[in-house]
Every structure is written in C-alpha cells, then in structure tokens.
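Below: one structure, written as structure tokens.
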Amino acid sequence: SHEEPSTHSDDDNDDDDDDDELVEVDQEASLIENDRISEPEDTDLRPISHHKLTEQKVKQSGKPSFHKDGSEWMSVQMNDRSRQKKRRIGISNCPMKEQEADAVKDVLLLTNKQRWMLYRYWVQRLQHERFDYVCSSHTGSYEATCKKYTSIKDECCIYVLRGMDVVGMTTTGASKHCSLLRHISPRIVLVEEAAEVFEAHVIAALLPSVQQLVMIGDHKQLRPKPSNYDLERNFNFNVSLFERLINNKMPFVTLTSQHRMRPEIAHLICPHIYNHIENSENVLKYEPIKGVGKDIYFIDHRWPELDRSGEEKYSHVNTHEAKYMVALCHHLLRQGYKPNQITMLTMYRGQLLEMRRRMKKADFGGVRIAVVDDFQGEENDIILLSLVRSNSRKDIGFLKTSNRICVSLSRAKKGFYVIGNLSMFRGNDGTVWVNILLDMEKRHCIGRALPLYCQNHPAYKVFIETPEDFSKCPEGGCLEKCLARLKCGHMCPRLCHPYDQEHVVCKCEKRCPKQLPCGHCCELRCYQCEKGCPPCSKKVLRDMTCGHSILLQCHKDPKKAFCTEVCNKKLPCGHLCKLKCSETCSKLCQVRIEKELSCGHTTQAKCSEHLQDLNCNAPCSSKLLCDHTCHGTCGQCRNGRLHIRCAANCGRTLPCGHICDFPCTSNCPPCNKQCTNLCNHSQCPKKCHEPCDPCAEDCSWQCDHFKCTKRCGELCDRPPCNEPCTKALPCGHPCIGLCGEVCPILCRICDKDKVMEIFFGSETEEDARFIQLQDCKHVLEVKSLDTWMNESESEVQFKSCPKCKTVIRRHLRYGNIVKQSLIDMESIKRMQLANEDKLLGEVEKLTKKVTNSKNYDYIKGTIELIQALLSARKQLSQHYIYAVQNCTLIIPEVVRLLDVLELVTCEELSYKTFVVSLPHLKNDILNLLKVIQEAQFVFCDQQIYDIFTELRRIKCTVELCDVKFKLTTQSRVLKASEEQALSSLTCCILKRGQGKCPKVTEVEEGNVAHLIASLSKLYNLGPVTESERIGIVKAMGPSQGHWFKCPDGHLYYIAGCGGAMVKGKCPDCGNKVGGRLYSLAKGNQRAML
C-alpha cells in the first residue's frame, strides 16, 4: 500500500466546512496545482459560442480560467465556501433540461433548487437566441476583429516588454506565451523555487536566445507534486531539473546565512540536514516566548491515533494532539500575541480539519492552519506542529521523508512547539528523526509536559501534560485575582491575565453607581455607560389622557404612549369591550356566555357566534336500535338526526367459527380472516368469505374393516367402524377407543377418574368406548357423541365439541357431517357472489343520469367511491350488493333535491316563529352524503334508520320550501285554512329530529305529500313525482335476510326481515319451503351465514 501526501491522499468532505463560525482554512494547495494547468495560447480569442461554453464549464467544475486584462494576467476560481453556501441554500448552476422546463405548469410548486435550474435554462436559452441572432450576421467580422485585436495587443506588449530589464511571470504563463518570449528574446532566465518546479516547465522557458539559466531553490525541501501519482512513482516526475543536475554533480553554490530562525531552532536542521548554517545578527535579538518556559519544545505522549483503516479514503487523525494544540494556541493568544503571529501546522488534512472543528472564529480568527506541504517558502513567529502518527505498528508514513522533515522544522522564527509520540520516531532507524531527538534531549527540550509560567507572577509555574491541564492558567496567567482598578473605580473581576494590561477590552459587570437627572439610579452595567448613561428605563405610574394610569418608562411622554388598560366600553349587546383602550372597539363581542342550542343543550360560546355555527359537545347517550349506547356527541350525531356508527364490537360468532370484530352493523360483513377449512392433507389458503377449492387427494379414512374410495373433498362411501381397538396403550393396558381411530390418551385403569367423569351419562358402562376429538383433544363416550353429531339442527352450521364448543373439522369418523356443512356453506358463498360488471353497468347508468345536473360535483365523490369499491373487489358479497344498490337509488333523489333548491333563489323562508335557512338546508343534504361516504357502505341498524328518516325530513322540508317559494313568487294568496295548514305542517316538520323531538313519521310524510298535491292542483304549481318517494323508501329500508335449507338440502333466501311469512315450493325439488308466522315448514333449516 502507498500513503500519499495530504494534498493528494485525502478527499474528505467534512460537514463542519460549511460552518461559518469556524476559522478559515487556506485553499492555496489547490490554487497552486491549478496554476500549473497549461491551456492553448488562444484561450480568450475563440469564437463566442466556444468561449461561452468554456466559461460555463469552468463555473460548473470550479477549475480556473485565464483572462487577459490589459497587461495583467489573472487566475479566476470560484471560492469553495461560496459553492458550499450555494449548495446549502439550493442554488444550482446546472440549467434545467428543455423537456422538464416545458412540463412546468406552476413555478410556485418547484423547490428552490428547481427554480434556479429553470432560471439558468431561461438565461441560457436567451443567450443562445441572442448569440444566434448576432452570429447570423456578425460572425465573420467578429473573428476578423479578434485576430486584428490580438495582433495589435501582442505588438503593444512586445513594445512595452522590450523596454523592460526584468519580465516576471509564472512557469505556466511562460509556456502559454512562447510567442511573446520569442520576440523579447531573453538571454537570462532566473527560476525561483526551482526545486519545486517541474522540469518540463523550466524547459519550456528555455528559448534559443537564452544564454544563461540561473536556478535558486532548496532540493532538500519539498519536491514538485504531480497530480497523477503514477507519474511520480514510475517516471520520477517529482524530481526537478534543479535536483537532477545537483545529483549529477553539476557545480552549484550553497547559501549559508539564514535570517529567519533563532539559533535554537536552526540547530534542529544543522548539522542533521544541512552541513553548515550561519545565523544572522537579527535572529540573535529575538525575545523569549511569553508565558512558556521554553522557546522550542517537543511534547511527548502515548495517545493513539484514530483507526480509520476500514475507510476507503482516509487521512490520519489524532484527537489528543488536536485538543492539545488548540488549547496551546489559545494560551499563546492570551499572552498578547496576535493571531497572525501563530500558525498551526500538521502533516495530514484530516488532522487539519479536526483542529479546525475545535476553533471558533470568535476566539481564533486570524490564526492560520495549514498542512506542511502548503507552507513551504513561508514562515511565522510561532509554529505549532502536530505529527499525528501514533500506532502500535510503528508506522510514521511519509514523515520519514527528509524533505518534509526539513520543511516542517524550518518554518518558525521565534517559537517552535511539536507534539507527537516520539517513541515511534526514535525507533525509525535511517531517518534524521533519531539524531534530532537525541540532540533535543541533550538540550532538555523534550518532555511529557510543557512548562508554562505567569508573566505577572513569574514564580508561578505549571507543567501541561494534557489539554485539561490548561485550566491551571485559565486566562493565560495564574489563579490569583487581577486586583487592577478599572476606569470606573471598580476592581477587575478576572483572574490574572497577561493580555489587555491596560484593561481596554475588559468590561466591568458591576452596576453603574451614577444617579440620573430624574433622580433614579442607573440600572445598567458599568461598561454600558462608558459613553454616558442612557435615558431612564425604570417604570413609573403615569396618568394617560384617557383617564387610566399605566406603568411607563420614566423617560417616555404619556401623550405619545398607547394605553394598555382594558377598554370597558359597552358594546351594542350590553357587554363590556375586552380590547385595549388604545384599540378600536370590535363589533364582534368576545365574551363567552351560555347559549341554548336547538337540541335543548346549553354550551359556552362567544356572544357574537350564531347558533347555527355552534356544535353541541354534550354526550349523545341515546339508546340505539342495537341496544348499545351512542358514544358520540350531540353535534357529531347532528342533534340526534344522524347518529355516528356504533363503536361497540359486534361479537357475533360467524359460521366459520371466527368472532366478528367489525363494529356493530345490521349484517356482519364477509369474514376476512384466514380460512380454517383443513383436512389431513392441506389447509385452504384463501380468506373465509371466498369459496374453497375441495381437496383432490385420496381420502385417508381406513381401518382393518373398511376403506373409503372417494376423494378427500367428497362424501365418504364407508360407514364408521364400531369394532374395539386392539392396540395397547404405553402403560400396557388395552386401548379404550375404536378401530381406525386415534387412540385416546386416557386409560380406563390408570385414568379411571377422568374416564368415568359423567358428561353424557354412559361413561360408566363396562363396554363403553371413547373417542378423542382431534380439534380440542377432549375424550368423549362414542355412542352418546354419535347421537349428538347425528341430531338434526334447526340451523345449518358446523358441529362443535359439546364440552368446549370448538368447531369439529378434523375427525374422520364425523367427516361426512363436516363435509356436508362445508358443501352447504360453499353453495351459499357462491350464491352470494355477484358479477362486478352488472353493478358497474348500474353505476354507469346512474352517472349518465346525474351528469348534466349543476350539482354533479357534490355527488361525484360518492360515485367514485362506489367505483373504487367495485374495482377493489372482483366478487362482492350480497352485503355489499345491497349497499351499492341502495346508494344508486339514493343519489338521484339527492341530486333532485339539490336541483330544487337551486330554483329557490331566496336565502331564507319564514314560517311563524321559524326561519328556514336554505344554505343550512343544503348543508344538511351534503352531510347526508358525507355520512354515506364515511360509512364505506357498511351501516349499522341505527344508521340505516337515520339515513331513511333524515332523507324523509329533508325531502319534506325542501318540497314545502319549494311550494312556499312558488306561492310567493307567483303572488298567490292562500285561504286562511290553507295558510294555517301549510304553516302548521311546516313548523311541525322543522321541529322533528331536534333533540328529544321525534323524527318525521310516514304519516306526516303522507300529509306533506297530500297538502303539496292539493295546493299544486289548486294553484297550478307544477307536477309532483310520487314514484321517487316510494323508490327511496324501498331503497333505504333495512336490506336484511337469511338463508334456509329445504328438506332435500337445497338452499333458498328470504329477504326483508328474514322471517318465514309465506309458503312456497323449492324450485329444485318441489318440497315445501318458507312458512307462516315466522315458523318454518317441516324439514326446513336455517343456514347461519
């Protein structure tokens, strides 16, 4: 495996880079790398389309582009932080595709990112349109002008440059502008930092006119960095021309005087890396580092680095070193050093991000953090270096490279502090680290703890081994109090602090002692009053112009303040206004009072609220037709007119043996649980309500005397065997069972008490034989059980264990009884199933019938719900068929009533003391539809009754309103008796269904129909459709019924209440079916399905 330098091996995307509160990290490495990318000479003189495309790619990729601007050359690159901010807020530089843009119907529905993409598409499209327009007529002249411009500009540059003694440019610029260099014909080429420049870049600048090449650099520091590591490993692209010539014994001159490092720091690299270095006089005058006992120190530790070997791309991190260096940097800043005097270096980008994550901009703003590879050629007063590597493998990676060691140890001017696991570096023989560390130990500059001292109290010294130890000098000094007197006269509240000795930054937190002109004391802190105390903010009682007295800040004028007291003016209703005195009185009274609703209950409501807008929250508590108590509120049940569905569980035992867990309903819906039909071969995989497929395996019922030759799903053709079982039980006693049956687990001798337990009464007989049922494991006497199983029941249902009522399904002796019940039930299931297409046809006819109505939108949802029900179920039970058929009859009547209300153009009609609000009447109709939709076509008895009576009430009210409106618009004057009859009947209908008042009866409905018919005939008000009323009544009647079985086993159905009231003949066999007075004819049975 290979470990590359940090600028190439680590491509981490740290979320903290987006945090604006952290210190900034230089992007110089990427800028230097991008500066080395050569581009063609005519970059800025391409045709417009190509030039614009290049700019667009540059913007999207973030790579630099080069532009000419007079005599300067500039490299433009989008800042990484700007791109991150744009991504965070959703700004996209990519335009939307044309197909996506054409599909946009509403811009407000797009996300922020999609809006930017659409905006980019519009801009791009406009640019292309403008470009096509310009190019169509100006392309040729533009290109000719560009060539002319380039020629003139080159001539100007040549003219200017020929008069210059020195021309400076980057190696990339030299390779791009070879034509200019040829015209200048330089004789001397001077290359700075030649050891870090690619050989190819230097060769490109060596024109035929060059007579002397001068290269200045340090080949013992960092080498060139190819972007492709294969070029470095296999082709030595990392070796500069400068280094290659030195390695080949080319004569060179070495500079020996250094002007940067204090002698102690210079001693690190001489003689271990350089043979001889002389110190300039200026480095001998550096003052010692304040607050630290040593100017150069190596902190040794044994904290391991993080193990990130499992990650695909990773950089090494040592959290202990990161914490320690951040704390040390904070300590140095407390000594009075400026942030730009301190640089934190590390060998790995991962460690750089770890340190940055702990450095808030407010505390560390201006401190530079960089990797060593990006800091070559630079320096600073104080350098903090983190070596990172600390592992059990003793692997220090590229830290063994002498070039990198040289750079890292030679950046500091005055103070140099290194932290690392030095035992790893001592054990790496063959590296310069061994000799450097031995030399540092002799000078006592290595240790587990860094010595610190207090500038104000030099006798106070502490040794810092862990980051937590910096708490011993929290303000950079010691733990004694400052005791300095501030300008305000108070004592400095801080602990000893070397920085801010003049106490310019320090703020006095004590209360200001000054007295304000008003006589009150200032309530602010001392530091807040440095420029004078602000106006008094103490609250005092002031008299307002309105007569109230309120608390105001002392400096405020009562005439300009707003009164915050309660208004208390009388409203038209007589209540007092509850708004503030400075606010305009509202016309809607907000006082909550007790109001009596139309249902008779009272409720707390705002005075301004109308009774029609209030919902009664009192419990309904009515006794429903199912004998359960309604759990809804009076408002939910529409004042008792439309009760919500009964929430009690049904609890009935279904024919399949399951308990119905559906809420209370008139007819239990089909069982949707797993079918319990099983045999010795398999179990039915379908739901209970679906027809079962009979088992086609051979019947397994056989013994020594008989054998069944039929299929398992057919009735057996052998009799039960009554011979005693000849087997012996495990206890050694004879079996008490029968031949061919499963031996009972009880022994007549060993389990005498259990066997002789009296249930049928025949258990104590000496020759009694027993059977153990396979479904519940009960042991019963066989003769009595045979009698029990063969008894004729009044209902068609599964036989069950007489002890525990478990349905008997698996016992072969009674297989024919079980199979016959299954056959009967499967017949009923198939007779219940309906064809979806037939019902869909009825729904389509209904839709066509009501589509032209202006009120179609109101019933559209109900029709769609019916269609969804039919689509979801390929076969519907009779239960759902009746529900759908009822709704197909309800809907046309609802539409008719809505259409009638459309013709009544007034808002309300008055009858004596009653006022009918037509919008509320329309809302009642829509509520009726809502109840039907919410029920999902599964109604309880009470809902069926309520829907029927509510439709009757609404119908009577609508027709009475229609007659009243026609009489009014046609200016018809009724006789006194007719007027009395109309008003009395209308008032009676309006009161029905409210609270404890009974609902509209059939007699009252007939009276309404008779009165309307007579008035319509006398005053020519139009025809009345009586057939519609009858159809609805039939449709809404409870569609219940039961299945019965004739003496020969044929099934038939009695609708309505399900009771036998009429005799008839079976269409299959001619036997008598039905009955009279709810009594079935002889031989008929009821099927419990």
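Chains: A, B, ... in order of the structure tokens. Residues: from 1 per chain. Ligands: from 1, in order shown.
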
Surrounding residues of Leu255 of chain A excluding itself and chain neighbours under 4 positions, 12 Å, only C-alpha atoms, as a compact mmCIF listing (two decimals) with all heavy atoms, in the first residue's frame:
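Resulting contents of selection-v4.txt:
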# COMPACT_ATOMS: atom_id res chain seq x y z
N ILE A 216 17.38 29.03 -8.44
CA ILE A 216 17.53 29.20 -7.00
C ILE A 216 16.50 28.32 -6.30
O ILE A 216 15.30 28.39 -6.60
CB ILE A 216 17.32 30.67 -6.59
CG1 ILE A 216 18.28 31.59 -7.35
CG2 ILE A 216 17.47 30.85 -5.09
CD1 ILE A 216 18.03 33.05 -7.13
N GLY A 217 16.92 27.51 -5.40
CA GLY A 217 16.00 26.62 -4.70
C GLY A 217 16.69 25.79 -3.65
O GLY A 217 17.88 25.96 -3.37
N ASP A 218 15.93 24.89 -3.03
CA ASP A 218 16.45 24.02 -1.98
C ASP A 218 15.94 22.62 -2.25
O ASP A 218 14.76 22.30 -2.00
CB ASP A 218 16.00 24.51 -0.61
CG ASP A 218 16.69 23.75 0.53
OD1 ASP A 218 17.34 22.72 0.23
OD2 ASP A 218 16.56 24.18 1.69
N HIS A 259 18.31 34.14 8.01
CA HIS A 259 17.80 35.34 8.68
C HIS A 259 16.42 35.09 9.33
O HIS A 259 15.73 36.04 9.64
CB HIS A 259 17.69 36.49 7.68
CG HIS A 259 18.98 36.90 7.07
ND1 HIS A 259 19.68 38.02 7.47
CD2 HIS A 259 19.73 36.32 6.08
CE1 HIS A 259 20.78 38.13 6.74
NE2 HIS A 259 20.84 37.09 5.90
N TYR A 274 21.40 20.13 6.97
CA TYR A 274 22.37 20.98 6.28
C TYR A 274 23.72 20.85 6.98
O TYR A 274 23.79 20.75 8.23
CB TYR A 274 21.91 22.44 6.26
CG TYR A 274 20.60 22.65 5.54
CD1 TYR A 274 19.42 22.80 6.26
CD2 TYR A 274 20.57 22.71 4.15
CE1 TYR A 274 18.22 22.99 5.60
CE2 TYR A 274 19.36 22.92 3.50
CZ TYR A 274 18.20 23.06 4.22
OH TYR A 274 17.02 23.25 3.56
N ASN A 275 24.80 20.91 6.21
CA ASN A 275 26.14 20.76 6.79
C ASN A 275 26.56 22.00 7.58
O ASN A 275 27.21 21.89 8.62
CB ASN A 275 27.16 20.48 5.68
CG ASN A 275 26.89 19.15 4.99
OD1 ASN A 275 26.39 18.23 5.64
ND2 ASN A 275 27.20 19.05 3.71
N HIS A 276 26.19 23.16 7.08
CA HIS A 276 26.66 24.38 7.73
C HIS A 276 25.65 25.51 7.52
O HIS A 276 25.18 25.72 6.40
CB HIS A 276 28.02 24.79 7.16
CG HIS A 276 28.53 26.09 7.76
ND1 HIS A 276 28.91 26.21 9.07
CD2 HIS A 276 28.68 27.33 7.19
CE1 HIS A 276 29.30 27.45 9.30
NE2 HIS A 276 29.17 28.16 8.18
N ILE A 277 25.29 26.19 8.60
CA ILE A 277 24.39 27.35 8.53
C ILE A 277 24.93 28.41 9.48
O ILE A 277 25.29 28.11 10.64
CB ILE A 277 22.94 26.98 8.92
CG1 ILE A 277 22.31 26.08 7.87
CG2 ILE A 277 22.10 28.24 9.09
CD1 ILE A 277 20.89 25.69 8.18
N GLU A 278 24.96 29.64 9.01
CA GLU A 278 25.36 30.77 9.83
C GLU A 278 24.14 31.60 10.20
O GLU A 278 23.28 31.84 9.35
CB GLU A 278 26.38 31.63 9.09
CG GLU A 278 27.68 30.90 8.79
CD GLU A 278 28.64 31.80 8.02
OE1 GLU A 278 28.24 32.95 7.68
OE2 GLU A 278 29.76 31.34 7.72
N ASN A 279 24.07 32.02 11.45
CA ASN A 279 22.93 32.80 11.93
C ASN A 279 23.21 34.29 11.77
O ASN A 279 24.27 34.80 12.17
CB ASN A 279 22.66 32.50 13.40
CG ASN A 279 22.25 31.07 13.60
OD1 ASN A 279 21.39 30.56 12.90
ND2 ASN A 279 22.89 30.40 14.56

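With only C-alpha atoms taken into account, the protein and nucleic acid residues at most 12 Å from Glu155 of chain A (excluding it and anything under 4 positions from it in its own chain) are Lys148, Tyr149, Thr150, Ser151, Tyr159, Val160, Leu161, Arg162, Ser179, Leu180, His183 and Ile184 of chain A.
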
Within 10 Å of segment 460-471 of chain A, which residues of segment 276-355 of chain A show up? Give each one with its shortest atom-to-atom distance in Å (one decimal) and the two atoms involved, counting only C-alpha atoms, rows by chain then rising residue number, as CSV.
residue,atom,partner,partner_atom,distance
A:Gly291,CA,A:Lys461,CA,9.4
A:Val292,CA,A:Lys461,CA,9.3
A:Gly293,CA,A:Lys461,CA,8.5
A:Ile299,CA,A:Glu465,CA,8.1
A:Asp300,CA,A:Glu465,CA,8.8
A:His301,CA,A:Glu465,CA,8.2
A:His320,CA,A:Pro467,CA,7.7
A:Glu321,CA,A:Pro467,CA,8.7
A:Ala322,CA,A:Pro467,CA,9.3
A:Lys323,CA,A:Pro467,CA,6.0
A:Tyr324,CA,A:Pro467,CA,4.7
A:Met325,CA,A:Pro467,CA,8.2
A:Val326,CA,A:Pro467,CA,8.6
A:Ala327,CA,A:Pro467,CA,6.2
A:Leu328,CA,A:Phe470,CA,7.9
A:His330,CA,A:Phe470,CA,9.5
A:His331,CA,A:Phe470,CA,7.8

Suppose we keep all heavy atoms; can you now write the selection as a short mmCIF file (atom, residue, chain, number, x, y, z; two decimals), in the first residue's frame?
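Written out: out.cif:
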data_model
loop_
_atom_site.label_atom_id
_atom_site.label_comp_id
_atom_site.auth_asym_id
_atom_site.auth_seq_id
_atom_site.Cartn_x
_atom_site.Cartn_y
_atom_site.Cartn_z
N GLY A 291 5.08 33.53 28.45
CA GLY A 291 4.16 32.58 29.08
C GLY A 291 4.56 31.14 28.93
O GLY A 291 3.88 30.26 29.47
N VAL A 292 5.65 30.83 28.21
CA VAL A 292 6.10 29.45 28.02
C VAL A 292 7.55 29.38 28.48
O VAL A 292 8.37 30.26 28.18
CB VAL A 292 5.99 29.01 26.55
CG1 VAL A 292 6.35 27.54 26.41
CG2 VAL A 292 4.57 29.26 26.03
N GLY A 293 7.91 28.31 29.19
CA GLY A 293 9.25 28.20 29.77
C GLY A 293 10.32 27.91 28.76
O GLY A 293 11.51 28.07 29.07
N ILE A 299 6.68 17.96 22.83
CA ILE A 299 5.81 17.34 23.84
C ILE A 299 5.60 15.89 23.44
O ILE A 299 5.06 15.59 22.35
CB ILE A 299 4.46 18.07 23.96
CG1 ILE A 299 4.69 19.54 24.33
CG2 ILE A 299 3.58 17.40 24.99
CD1 ILE A 299 4.54 20.49 23.18
N ASP A 300 6.00 14.98 24.29
CA ASP A 300 5.91 13.54 24.03
C ASP A 300 4.64 12.99 24.67
O ASP A 300 4.27 13.38 25.78
CB ASP A 300 7.15 12.84 24.57
CG ASP A 300 7.23 11.40 24.10
OD1 ASP A 300 6.45 11.03 23.20
OD2 ASP A 300 8.07 10.64 24.64
N HIS A 301 3.95 12.06 23.98
CA HIS A 301 2.73 11.44 24.53
C HIS A 301 2.60 10.03 23.98
O HIS A 301 3.37 9.61 23.10
CB HIS A 301 1.50 12.27 24.17
CG HIS A 301 1.12 12.18 22.72
ND1 HIS A 301 0.32 11.18 22.20
CD2 HIS A 301 1.44 12.98 21.67
CE1 HIS A 301 0.17 11.36 20.90
NE2 HIS A 301 0.84 12.45 20.54
N HIS A 320 -6.13 13.71 20.53
CA HIS A 320 -5.40 14.26 21.69
C HIS A 320 -4.51 15.42 21.24
O HIS A 320 -4.49 16.48 21.87
CB HIS A 320 -4.55 13.16 22.33
CG HIS A 320 -3.61 13.68 23.38
ND1 HIS A 320 -4.02 14.08 24.63
CD2 HIS A 320 -2.25 13.90 23.33
CE1 HIS A 320 -2.97 14.51 25.33
NE2 HIS A 320 -1.89 14.40 24.57
N GLU A 321 -3.78 15.22 20.15
CA GLU A 321 -2.90 16.27 19.67
C GLU A 321 -3.70 17.49 19.21
O GLU A 321 -3.29 18.64 19.42
CB GLU A 321 -2.04 15.75 18.52
CG GLU A 321 -1.04 14.69 18.96
CD GLU A 321 -0.08 14.30 17.83
OE1 GLU A 321 -0.06 15.02 16.81
OE2 GLU A 321 0.64 13.31 17.99
N ALA A 322 -4.89 17.24 18.58
CA ALA A 322 -5.71 18.35 18.14
C ALA A 322 -6.18 19.19 19.33
O ALA A 322 -6.11 20.43 19.32
CB ALA A 322 -6.91 17.84 17.33
N LYS A 323 -6.65 18.53 20.38
CA LYS A 323 -7.10 19.25 21.57
C LYS A 323 -5.95 20.03 22.21
O LYS A 323 -6.10 21.18 22.62
CB LYS A 323 -7.70 18.28 22.59
CG LYS A 323 -8.98 17.61 22.16
CD LYS A 323 -9.44 16.63 23.23
CE LYS A 323 -10.70 15.89 22.81
NZ LYS A 323 -11.11 14.90 23.84
N TYR A 324 -4.77 19.37 22.31
CA TYR A 324 -3.63 19.99 22.98
C TYR A 324 -3.18 21.23 22.21
O TYR A 324 -2.93 22.29 22.81
CB TYR A 324 -2.49 18.98 23.07
CG TYR A 324 -1.40 19.37 24.05
CD1 TYR A 324 -1.34 18.83 25.32
CD2 TYR A 324 -0.43 20.30 23.70
CE1 TYR A 324 -0.36 19.19 26.22
CE2 TYR A 324 0.57 20.67 24.59
CZ TYR A 324 0.61 20.12 25.85
OH TYR A 324 1.58 20.48 26.73
N MET A 325 -3.06 21.13 20.88
CA MET A 325 -2.57 22.25 20.09
C MET A 325 -3.56 23.42 20.09
O MET A 325 -3.15 24.59 20.12
CB MET A 325 -2.29 21.80 18.66
CG MET A 325 -0.97 21.06 18.51
SD MET A 325 0.38 22.03 19.21
CE MET A 325 1.79 21.15 18.67
N VAL A 326 -4.85 23.13 20.06
CA VAL A 326 -5.85 24.20 20.12
C VAL A 326 -5.77 24.92 21.46
O VAL A 326 -5.82 26.16 21.54
CB VAL A 326 -7.26 23.63 19.87
CG1 VAL A 326 -8.32 24.69 20.14
CG2 VAL A 326 -7.40 23.11 18.45
N ALA A 327 -5.61 24.15 22.55
CA ALA A 327 -5.50 24.76 23.88
C ALA A 327 -4.21 25.59 24.00
O ALA A 327 -4.21 26.68 24.60
CB ALA A 327 -5.55 23.67 24.95
N LEU A 328 -3.10 25.07 23.42
CA LEU A 328 -1.84 25.82 23.47
C LEU A 328 -1.94 27.10 22.65
O LEU A 328 -1.43 28.16 23.08
CB LEU A 328 -0.70 24.94 22.94
CG LEU A 328 0.69 25.59 22.88
CD1 LEU A 328 1.10 26.11 24.24
CD2 LEU A 328 1.72 24.60 22.33
N HIS A 330 -4.64 28.83 22.16
CA HIS A 330 -5.46 29.74 22.96
C HIS A 330 -4.63 30.38 24.07
O HIS A 330 -4.76 31.58 24.37
CB HIS A 330 -6.65 28.98 23.54
CG HIS A 330 -7.66 29.85 24.22
ND1 HIS A 330 -7.64 30.08 25.57
CD2 HIS A 330 -8.71 30.56 23.73
CE1 HIS A 330 -8.63 30.89 25.90
NE2 HIS A 330 -9.30 31.19 24.79
N HIS A 331 -3.72 29.60 24.68
CA HIS A 331 -2.86 30.12 25.74
C HIS A 331 -1.92 31.19 25.19
O HIS A 331 -1.70 32.24 25.83
CB HIS A 331 -2.06 28.97 26.36
CG HIS A 331 -1.07 29.42 27.39
ND1 HIS A 331 -1.44 29.77 28.68
CD2 HIS A 331 0.28 29.61 27.32
CE1 HIS A 331 -0.36 30.13 29.35
NE2 HIS A 331 0.70 30.05 28.56
#

Give me the residues within 7 Å of Asn238 of chain A as a list in words, counting only C-alpha atoms and dropping any in the same chain fewer than 4 places off.
->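 Once the adjacent positions are removed, what remains is Arg223, Pro224, Lys225, Pro226 and Glu232 of chain A.
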
Dump N, CA and C atoms for the selected residues as a PDB file, in the first residue's frame?
ATOM      1  N   ARG A 223       9.505  18.558  -3.045  1.00  0.00           N
ATOM      2  CA  ARG A 223       9.679  18.366  -4.475  1.00  0.00           C
ATOM      3  C   ARG A 223       8.411  18.782  -5.222  1.00  0.00           C
ATOM      4  N   PRO A 224       8.445  18.785  -6.547  1.00  0.00           N
ATOM      5  CA  PRO A 224       7.216  19.013  -7.327  1.00  0.00           C
ATOM      6  C   PRO A 224       6.183  17.934  -7.015  1.00  0.00           C
ATOM      7  N   LYS A 225       4.887  18.268  -7.162  1.00  0.00           N
ATOM      8  CA  LYS A 225       3.809  17.344  -6.797  1.00  0.00           C
ATOM      9  C   LYS A 225       2.941  17.055  -8.017  1.00  0.00           C
ATOM     10  N   PRO A 226       3.209  15.966  -8.736  1.00  0.00           N
ATOM     11  CA  PRO A 226       2.349  15.622  -9.885  1.00  0.00           C
ATOM     12  C   PRO A 226       0.954  15.265  -9.401  1.00  0.00           C
ATOM     13  N   GLU A 232       4.811  10.066 -10.677  1.00  0.00           N
ATOM     14  CA  GLU A 232       5.853  10.229  -9.666  1.00  0.00           C
ATOM     15  C   GLU A 232       6.559   8.922  -9.381  1.00  0.00           C
TER      16      GLU A 232
END

Write out as a VMD selection string all residues of segment 362-597 of chain A that backbone DSSP assigns to strand (DSSP E or B).
-> chain A and resid 368 to 371 380 to 386 412 to 420 446 to 447 450 to 453 461 to 464 481 485 491 495 511 515 521 525 539 to 543 549 to 553 566 570 576 580 592 to 596

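Using only C-alpha atoms, the contacts of Ser682 of chain A at a cut-off of 12 Å, with sequence neighbours closer than 2 positions omitted, comprise Cys675, Thr676, Asn677, Leu678, Cys679, Asn680, Cys684, Pro685, Asp693, Pro694, Cys695, Ala696, Glu697, Cys712, Gly713 and Arg810 of chain A.
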
For the selection just defined, write its residues with N, CA, C and O atoms to a file, as a compact mmCIF listing (two decimals), in the first residue's frame.
# COMPACT_ATOMS: atom_id res chain seq x y z
N CYS A 675 -58.97 -18.68 6.16
CA CYS A 675 -59.94 -19.79 6.17
C CYS A 675 -59.43 -20.92 7.06
O CYS A 675 -58.25 -21.29 7.02
N THR A 676 -60.33 -21.50 7.89
CA THR A 676 -59.97 -22.58 8.82
C THR A 676 -60.31 -23.96 8.26
O THR A 676 -60.21 -24.96 8.96
N ASN A 677 -60.76 -24.02 7.00
CA ASN A 677 -61.09 -25.30 6.38
C ASN A 677 -59.80 -26.07 6.12
O ASN A 677 -58.93 -25.64 5.37
N LEU A 678 -59.67 -27.25 6.77
CA LEU A 678 -58.46 -28.05 6.61
C LEU A 678 -58.81 -29.52 6.68
O LEU A 678 -59.88 -29.92 7.13
N CYS A 679 -57.89 -30.33 6.17
CA CYS A 679 -58.02 -31.78 6.24
C CYS A 679 -56.66 -32.35 6.62
O CYS A 679 -55.75 -31.61 6.98
N ASN A 680 -56.52 -33.68 6.51
CA ASN A 680 -55.24 -34.29 6.88
C ASN A 680 -54.16 -34.03 5.84
O ASN A 680 -52.99 -34.34 6.09
N CYS A 684 -56.90 -24.72 3.42
CA CYS A 684 -57.30 -23.75 2.40
C CYS A 684 -56.53 -22.45 2.60
O CYS A 684 -56.50 -21.90 3.70
N PRO A 685 -55.89 -21.92 1.55
CA PRO A 685 -55.08 -20.69 1.70
C PRO A 685 -55.89 -19.41 1.53
O PRO A 685 -55.34 -18.33 1.64
N ASP A 693 -61.54 -24.42 -2.55
CA ASP A 693 -61.33 -25.48 -3.53
C ASP A 693 -61.24 -26.80 -2.79
O ASP A 693 -60.40 -26.96 -1.90
N PRO A 694 -62.09 -27.81 -3.12
CA PRO A 694 -62.07 -29.08 -2.39
C PRO A 694 -60.76 -29.82 -2.60
O PRO A 694 -60.13 -29.74 -3.64
N CYS A 695 -60.36 -30.58 -1.56
CA CYS A 695 -59.12 -31.35 -1.62
C CYS A 695 -59.29 -32.50 -2.61
O CYS A 695 -60.28 -33.25 -2.57
N ALA A 696 -58.33 -32.67 -3.51
CA ALA A 696 -58.42 -33.69 -4.55
C ALA A 696 -57.60 -34.94 -4.23
O ALA A 696 -57.50 -35.85 -5.06
N GLU A 697 -57.02 -35.00 -3.02
CA GLU A 697 -56.25 -36.18 -2.63
C GLU A 697 -57.19 -37.32 -2.27
O GLU A 697 -58.38 -37.12 -2.00
N CYS A 712 -60.82 -36.82 -1.01
CA CYS A 712 -60.91 -36.22 0.34
C CYS A 712 -62.03 -35.20 0.41
O CYS A 712 -62.69 -35.06 1.43
N GLY A 713 -62.28 -34.43 -0.69
CA GLY A 713 -63.29 -33.40 -0.66
C GLY A 713 -64.69 -33.90 -0.92
O GLY A 713 -65.63 -33.11 -0.94
N ARG A 810 -61.63 -31.97 11.92
CA ARG A 810 -60.58 -32.90 11.52
C ARG A 810 -60.86 -34.36 11.86
O ARG A 810 -60.07 -35.21 11.48

Straight-line distance linking atom CA of Lys777 of chain A with atom CA of Pro719 of chain A, stated in Å to one decimal | 23.0 Å

Got a sec: who's within 7 Å of Gln212 of chain A, counting only C-alpha atoms, leaving out chain neighbours fewer than 4 positions off, as a count of residues only?
-> 3

Just the residues within 10 Å of Cys801 of chain A, please, counting only C-alpha atoms, with nothing from its chain fewer than 5 positions along; format it as a ChimeraX atom specification.
-> /A:773,775-778,780,785,788-789,806-808

Excluding His444 of chain A and residues on its chain fewer than 6 positions from it, collect all residues at most 10 Å away from it, counting only C-alpha atoms, and give them as a ChimeraX atom specification.
-> /A:294,296-298,438
